[in-house]
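Asks: You'll find upload24.cif just under this line, and it carries mmCIF, N, CA and C atoms.
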data_target
#
loop_
_atom_site.label_atom_id
_atom_site.label_comp_id
_atom_site.auth_asym_id
_atom_site.auth_seq_id
_atom_site.Cartn_x
_atom_site.Cartn_y
_atom_site.Cartn_z
N MET V 208 -195.46 19.30 -142.96
CA MET V 208 -195.24 20.55 -142.29
C MET V 208 -193.95 21.19 -142.77
N ARG V 209 -193.80 21.35 -143.99
CA ARG V 209 -192.62 21.98 -144.56
C ARG V 209 -192.57 23.44 -144.13
N GLU V 210 -191.42 23.88 -143.67
CA GLU V 210 -191.29 25.23 -143.16
C GLU V 210 -191.20 26.23 -144.30
N GLU V 211 -192.19 27.09 -144.38
CA GLU V 211 -192.19 28.20 -145.31
C GLU V 211 -192.43 29.44 -144.48
N ARG V 212 -192.82 30.54 -145.10
CA ARG V 212 -192.98 31.77 -144.33
C ARG V 212 -193.97 31.59 -143.19
N SER V 213 -195.15 31.03 -143.47
CA SER V 213 -196.13 30.86 -142.40
C SER V 213 -195.63 29.85 -141.37
N GLY V 214 -194.91 28.81 -141.81
CA GLY V 214 -194.35 27.84 -140.90
C GLY V 214 -193.30 28.45 -139.99
N ALA V 215 -192.49 29.35 -140.55
CA ALA V 215 -191.49 30.04 -139.75
C ALA V 215 -192.18 30.90 -138.69
N ARG V 216 -193.24 31.57 -139.08
CA ARG V 216 -193.98 32.41 -138.12
C ARG V 216 -194.57 31.55 -137.01
N ASP V 217 -195.16 30.39 -137.39
CA ASP V 217 -195.71 29.47 -136.39
C ASP V 217 -194.63 29.02 -135.42
N THR V 218 -193.46 28.71 -135.96
CA THR V 218 -192.33 28.28 -135.13
C THR V 218 -191.93 29.39 -134.17
N LEU V 219 -191.81 30.61 -134.67
CA LEU V 219 -191.42 31.73 -133.81
C LEU V 219 -192.48 32.01 -132.75
N GLU V 220 -193.74 31.90 -133.11
CA GLU V 220 -194.82 32.10 -132.13
C GLU V 220 -194.79 31.00 -131.06
N SER V 221 -194.52 29.77 -131.47
CA SER V 221 -194.42 28.66 -130.51
C SER V 221 -193.24 28.89 -129.57
N LEU V 222 -192.14 29.39 -130.10
CA LEU V 222 -190.98 29.70 -129.29
C LEU V 222 -191.31 30.81 -128.29
N ALA V 223 -191.93 31.87 -128.76
CA ALA V 223 -192.28 33.00 -127.89
C ALA V 223 -193.25 32.58 -126.79
N ALA V 224 -194.14 31.64 -127.10
CA ALA V 224 -195.13 31.17 -126.13
C ALA V 224 -194.54 30.14 -125.15
N GLY V 225 -193.29 29.73 -125.39
CA GLY V 225 -192.66 28.76 -124.52
C GLY V 225 -193.08 27.32 -124.82
N GLU V 226 -193.71 27.10 -125.95
CA GLU V 226 -194.17 25.75 -126.31
C GLU V 226 -193.03 24.87 -126.83
N ILE V 227 -191.99 25.50 -127.37
CA ILE V 227 -190.80 24.79 -127.85
C ILE V 227 -189.58 25.54 -127.36
N ASP V 228 -188.43 24.85 -127.35
CA ASP V 228 -187.20 25.52 -126.92
C ASP V 228 -186.43 26.03 -128.14
N VAL V 229 -185.35 26.74 -127.89
CA VAL V 229 -184.56 27.34 -128.96
C VAL V 229 -184.01 26.27 -129.92
N ASP V 230 -183.55 25.14 -129.38
CA ASP V 230 -183.01 24.08 -130.23
C ASP V 230 -184.06 23.54 -131.19
N GLU V 231 -185.28 23.34 -130.70
CA GLU V 231 -186.37 22.85 -131.55
C GLU V 231 -186.72 23.89 -132.61
N ALA V 232 -186.77 25.16 -132.24
CA ALA V 232 -187.07 26.21 -133.21
C ALA V 232 -186.00 26.26 -134.30
N GLU V 233 -184.75 26.17 -133.91
CA GLU V 233 -183.66 26.18 -134.88
C GLU V 233 -183.76 24.99 -135.83
N SER V 234 -184.06 23.83 -135.28
CA SER V 234 -184.21 22.62 -136.08
C SER V 234 -185.34 22.78 -137.11
N ARG V 235 -186.48 23.28 -136.66
CA ARG V 235 -187.61 23.47 -137.57
C ARG V 235 -187.28 24.47 -138.67
N LEU V 236 -186.64 25.55 -138.31
CA LEU V 236 -186.32 26.58 -139.30
C LEU V 236 -185.27 26.09 -140.29
N ALA V 237 -184.45 25.14 -139.90
CA ALA V 237 -183.45 24.57 -140.79
C ALA V 237 -184.05 23.50 -141.70
N GLY V 238 -185.32 23.14 -141.47
CA GLY V 238 -185.96 22.14 -142.32
C GLY V 238 -186.04 20.76 -141.73
N TYR V 239 -185.69 20.63 -140.46
CA TYR V 239 -185.75 19.33 -139.80
C TYR V 239 -187.09 19.16 -139.09
N VAL V 240 -187.58 17.92 -139.10
CA VAL V 240 -188.78 17.58 -138.35
C VAL V 240 -188.36 16.53 -137.34
N THR V 241 -188.58 16.81 -136.07
CA THR V 241 -188.19 15.88 -135.02
C THR V 241 -189.42 15.16 -134.51
N THR V 242 -189.34 13.83 -134.48
CA THR V 242 -190.42 13.00 -133.96
C THR V 242 -189.86 12.13 -132.84
N GLU V 243 -190.72 11.36 -132.20
CA GLU V 243 -190.25 10.43 -131.17
C GLU V 243 -189.31 9.38 -131.75
N SER V 244 -189.44 9.12 -133.07
CA SER V 244 -188.64 8.09 -133.72
C SER V 244 -187.32 8.60 -134.26
N GLY V 245 -187.14 9.90 -134.29
CA GLY V 245 -185.89 10.45 -134.80
C GLY V 245 -186.13 11.77 -135.52
N ARG V 246 -185.10 12.22 -136.21
CA ARG V 246 -185.16 13.49 -136.91
C ARG V 246 -185.12 13.24 -138.41
N PHE V 247 -186.00 13.94 -139.15
CA PHE V 247 -186.07 13.80 -140.59
C PHE V 247 -185.71 15.13 -141.23
N ASP V 248 -184.80 15.10 -142.18
CA ASP V 248 -184.34 16.32 -142.87
C ASP V 248 -185.23 16.55 -144.10
N ALA V 249 -186.32 17.28 -143.89
CA ALA V 249 -187.30 17.51 -144.95
C ALA V 249 -186.78 18.47 -146.02
N ASP V 250 -185.72 19.20 -145.74
CA ASP V 250 -185.21 20.20 -146.67
C ASP V 250 -183.91 19.77 -147.36
N ARG V 251 -183.50 18.53 -147.14
CA ARG V 251 -182.23 18.03 -147.68
C ARG V 251 -182.14 18.14 -149.19
N GLU V 252 -183.21 17.78 -149.90
CA GLU V 252 -183.15 17.80 -151.36
C GLU V 252 -182.87 19.21 -151.89
N ARG V 253 -183.48 20.21 -151.28
CA ARG V 253 -183.24 21.58 -151.73
C ARG V 253 -181.78 21.98 -151.49
N ARG V 254 -181.25 21.61 -150.32
CA ARG V 254 -179.88 21.98 -149.97
C ARG V 254 -178.83 21.16 -150.68
N ARG V 255 -179.06 19.85 -150.82
CA ARG V 255 -178.04 18.93 -151.32
C ARG V 255 -178.30 18.34 -152.70
N GLY V 256 -179.54 18.46 -153.16
CA GLY V 256 -179.89 17.89 -154.46
C GLY V 256 -180.25 16.42 -154.40
N ILE V 257 -180.24 15.86 -153.20
CA ILE V 257 -180.57 14.44 -152.99
C ILE V 257 -181.57 14.38 -151.84
N PRO V 258 -182.70 13.67 -152.02
CA PRO V 258 -183.69 13.62 -150.93
C PRO V 258 -183.20 12.81 -149.74
N GLU V 259 -183.77 13.10 -148.59
CA GLU V 259 -183.48 12.35 -147.38
C GLU V 259 -184.10 10.96 -147.48
N ALA V 260 -183.43 9.97 -146.92
CA ALA V 260 -183.95 8.61 -146.85
C ALA V 260 -183.99 8.18 -145.39
N VAL V 261 -184.89 7.28 -145.08
CA VAL V 261 -185.00 6.73 -143.73
C VAL V 261 -184.15 5.47 -143.67
N LEU V 262 -183.15 5.48 -142.81
CA LEU V 262 -182.32 4.29 -142.61
C LEU V 262 -183.06 3.38 -141.63
N ALA V 263 -183.52 2.24 -142.10
CA ALA V 263 -184.34 1.34 -141.29
C ALA V 263 -183.51 0.47 -140.36
N GLU V 264 -182.26 0.25 -140.71
CA GLU V 264 -181.40 -0.63 -139.91
C GLU V 264 -181.33 -0.15 -138.46
N GLY V 265 -181.62 -1.07 -137.54
CA GLY V 265 -181.55 -0.77 -136.13
C GLY V 265 -182.80 -0.13 -135.56
N LYS V 266 -183.78 0.14 -136.39
CA LYS V 266 -185.02 0.75 -135.92
C LYS V 266 -186.13 -0.30 -135.86
N ARG V 267 -187.05 -0.09 -134.93
CA ARG V 267 -188.22 -0.96 -134.87
C ARG V 267 -189.14 -0.60 -136.03
N PRO V 268 -189.97 -1.56 -136.48
CA PRO V 268 -190.91 -1.28 -137.58
C PRO V 268 -191.78 -0.05 -137.33
N ALA V 269 -192.22 0.15 -136.10
CA ALA V 269 -193.06 1.32 -135.80
C ALA V 269 -192.29 2.62 -135.97
N GLU V 270 -191.00 2.61 -135.64
CA GLU V 270 -190.17 3.81 -135.83
C GLU V 270 -189.98 4.12 -137.30
N VAL V 271 -189.74 3.08 -138.09
CA VAL V 271 -189.58 3.27 -139.54
C VAL V 271 -190.88 3.81 -140.13
N ALA V 272 -192.00 3.23 -139.72
CA ALA V 272 -193.30 3.69 -140.22
C ALA V 272 -193.55 5.14 -139.84
N SER V 273 -193.20 5.52 -138.63
CA SER V 273 -193.38 6.90 -138.18
C SER V 273 -192.55 7.87 -139.00
N LEU V 274 -191.29 7.53 -139.22
CA LEU V 274 -190.42 8.40 -140.01
C LEU V 274 -190.86 8.44 -141.48
N ALA V 275 -191.33 7.32 -142.01
CA ALA V 275 -191.84 7.30 -143.39
C ALA V 275 -193.08 8.17 -143.51
N THR V 276 -193.93 8.15 -142.50
CA THR V 276 -195.12 9.01 -142.49
C THR V 276 -194.70 10.48 -142.46
N THR V 277 -193.72 10.80 -141.65
CA THR V 277 -193.20 12.16 -141.60
C THR V 277 -192.66 12.58 -142.96
N ALA V 278 -191.94 11.68 -143.61
CA ALA V 278 -191.41 11.97 -144.94
C ALA V 278 -192.53 12.26 -145.92
N LEU V 279 -193.56 11.43 -145.90
CA LEU V 279 -194.70 11.64 -146.81
C LEU V 279 -195.39 12.97 -146.54
N GLU V 280 -195.56 13.30 -145.27
CA GLU V 280 -196.25 14.54 -144.92
C GLU V 280 -195.45 15.77 -145.29
N THR V 281 -194.14 15.70 -145.24
CA THR V 281 -193.32 16.88 -145.47
C THR V 281 -192.78 17.01 -146.88
N THR V 282 -192.58 15.87 -147.57
CA THR V 282 -191.98 15.93 -148.91
C THR V 282 -192.83 15.29 -150.00
N GLY V 283 -193.87 14.55 -149.60
CA GLY V 283 -194.73 13.89 -150.58
C GLY V 283 -194.22 12.53 -151.02
N ARG V 284 -193.12 12.06 -150.41
CA ARG V 284 -192.60 10.72 -150.74
C ARG V 284 -191.75 10.22 -149.59
N ALA V 285 -191.53 8.91 -149.59
CA ALA V 285 -190.68 8.32 -148.55
C ALA V 285 -189.73 7.32 -149.19
N LEU V 286 -188.47 7.47 -148.88
CA LEU V 286 -187.44 6.51 -149.30
C LEU V 286 -186.96 5.80 -148.04
N VAL V 287 -187.07 4.47 -148.03
CA VAL V 287 -186.65 3.71 -146.85
C VAL V 287 -185.59 2.72 -147.26
#
Produce structure tokens that represent the structure in this file.
Replies:
Amino acid sequence: MREERSGARDTLESLAAGEIDVDEAESRLAGYVTTESGRFDADRERRRGIPEAVLAEGKRPAEVASLATTALETTGRALV
């Protein structure tokens, strides 16, 4: 779910409909994807030149798997 023009519109429509709050909308528009397991910076590589990685230390295996899935869905790869 990488935020592009249509993604930004979806985010704004969700905000207008009250489905998400302002903080969530801001996060999505900045390129972050928030899950129950944490927040993944899907746009980090474009901004910083280095892709986001999932820090597994201190997380349960299911949380790592969830964040890795988010990484795959948003960037096409997962670094753990």
Asks: DSSP on the backbone: which residues in chain V end up as strand (DSSP E)? Give the answer as a PyMOL selection string.
Replies: chain V and resi 239-242+245-248
Asks: Can you tell me which residues surround stretch 251-254 of chain V at a distance of at most 8 Å, considering only N, CA and C atoms, apart from same-chain residues fewer than 3 positions away, and format the answer as a list in words?
Replies: Ala237, Gly238, Tyr239, Phe247, Asp248, Ile257, Pro258 and Glu259 of chain V
Asks: The PyMOL selection byres (((chain V and resi 280-284 and name CA) around 12) and name CA) on the file shown: which residues, as a count of residues only?
Replies: 31
Asks: Separation of atom CA of V:Ser244 and atom CA of V:Glu231, in Å?
Replies: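 The value is 15.1 Å.
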Asks: Among chain V, which ones does DSSP assign to alpha helix (DSSP H) (computed from the backbone)? Answer as JSON, numbers by chain.
Replies: {"V": [212, 213, 214, 215, 216, 217, 218, 219, 220, 221, 222, 223, 229, 230, 231, 232, 233, 234, 235, 236, 251, 252, 253, 254, 255, 268, 269, 270, 271, 272, 273, 274, 275, 276, 277, 278, 279, 280, 281, 282]}
